[in-house]
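Asks: Quick one: structure below, then a few questions.
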Amino acid sequence: MPPQHLTLIRHAQGFHNLCEANHQLRDPRLTELGEQQCRELSSKIPNLASFDLIVASPIKRTIYTALYTFATLLKQRPDLRIIALPDLQETSALPCDTGSDIPDLIEEFKHHPVDFSLLSDGWNEKTTAPFAPVPSLILARAKRAREWLRTREEKEIAVVTHGGFLHFFTGDWTDHSIFTGTGWANCEYRVYSLDNSTAAKTADAALVETGESRLRRKGHEIPLTEAEQRNLADAATSAWVANGFLKTTLPTNGTTDGGELERVVSQEGAKQVSAQA
């Protein structure tokens, strides 16, 4: 049986969130405020002890967010480990969104319950497929991640990832420009289930936010239509390309070039983003 709920969490404040210049920091850790945000989140999430799987992007700030948020549960459950899933990493190729090499991660977290067995060499290579910052590739790995989660037997799963990626992952582009590159606040959480309302959504391993989760954060506001979500997806990806967070396509040699990013979202990338919404 697939999981009942996926609690999606954006990481706490990292040093790259303090100013644009800090985007050049490689794989930054959490700030002191970020650590406090995690402790506050642990008291906000209901039934914290019910989680039987914790999955995180292999970027340091997401791993630390999971460790701090679920510290009590991890202490109570010595068998529980945070699984680092490479498909959950952030979308851009900026240094702050580029992960560390596997030996460095193993050394840093050697005294913590983190499982890096799903990582392979090249997981943090952002100039080539499959992790280059191209909308079609991001959508593909978002679907892979959802499919991987769908196969799990655990019922309550926490997923700690990134603000930009969460829009691709959920298909919800509401308020995508409230913060830098995302509509998710640091340490915000939302609860989803698998959407089997149509054959197409089942095939896509699509997600739908639970009514309780949406009511908590949006009240009785009417959700956007699929057409409105598609328009937002197009606007968001166009803006992120223009701002240098995404590329439109990979060159024919399979690697991203080192020049200025293109300014227009390709038709293929935009169509695939729209199909997700």
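If you're wondering about the labels, chains in the structure tokens are A, B, ... by order shown, residues count from 1 in each chain, ligands from 1 in order shown.
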What's the 12 Å shell around region 174-183 of chain A, counting only C-alpha atoms, without same-chain residues fewer than 4 positions away, as JSON, numbers by chain?

Replies: {"A": [10, 16, 17, 18, 19, 20, 23, 90, 91, 92, 162, 163, 164, 165, 166, 167, 168, 170, 187, 188, 189, 214, 218, 221, 222, 223, 224, 225, 226, 228, 229, 230, 231, 232, 233, 234, 235, 236, 237, 238, 239, 240, 241, 242, 243, 244, 245, 246, 277]}

Asks: With a distance cut-off of 12 Å and only C-alpha atoms, select the neighbouring residues of region 60-62 of chain A, excluding the residue or stretch itself and same-chain residues fewer than 5 positions from it, and output the selection as JSON, numbers by chain.

Replies: {"A": [8, 9, 10, 11, 12, 13, 14, 15, 16, 17, 26, 27, 28, 29, 30, 31, 32, 34, 35, 38, 54, 55, 67, 68, 69, 82, 83, 84, 85, 86, 88, 89, 90, 96, 97, 98, 99, 100, 101, 102, 104, 105, 106, 108, 109, 114, 158, 159, 160, 161, 162, 163, 186, 187]}

Asks: In Å, with one decimal, what is the gap from CA of Leu149 (chain A) to CA of Pro3 (chain A)?

Replies: 7.7 Å

Asks: Taking the backbone alone, and naming residues the way the document does, which bits of region 133-203 of chain A are strand (DSSP E) by DSSP, as a VMD selection string?

Replies: chain A and resid 156 to 161 189 to 194

Asks: Among region 23-209 of chain A, which ones does DSSP assign to helix (DSSP H, G or I) (computed from the backbone)? Answer as a VMD selection string.

Replies: chain A and resid 23 to 24 32 to 44 48 to 50 60 to 69 71 to 76 86 to 88 95 to 97 102 to 108 135 to 150 163 to 170 199 to 203

Asks: Nearest to Gln36 (chain A): which of A:Ile157, A:Phe116, A:Val208, A:Thr65 is it, counting only C-alpha atoms?

Replies: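 Closest candidate: A:Thr65.
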
Asks: Kindly indicate which residue among A:Arg81, A:Ala93, A:Ser136, A:Arg39 lies nearest to Gln24 (chain A), using only C-alpha atoms for the distances.

Replies: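 Result for the nearest residue to Gln24 (chain A): A:Ala93.
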
Asks: What separation in Å, quoted to one decimal, exists between CA of Glu153 (chain A) and CA of Ser50 (chain A)?

Replies: 13.9 Å
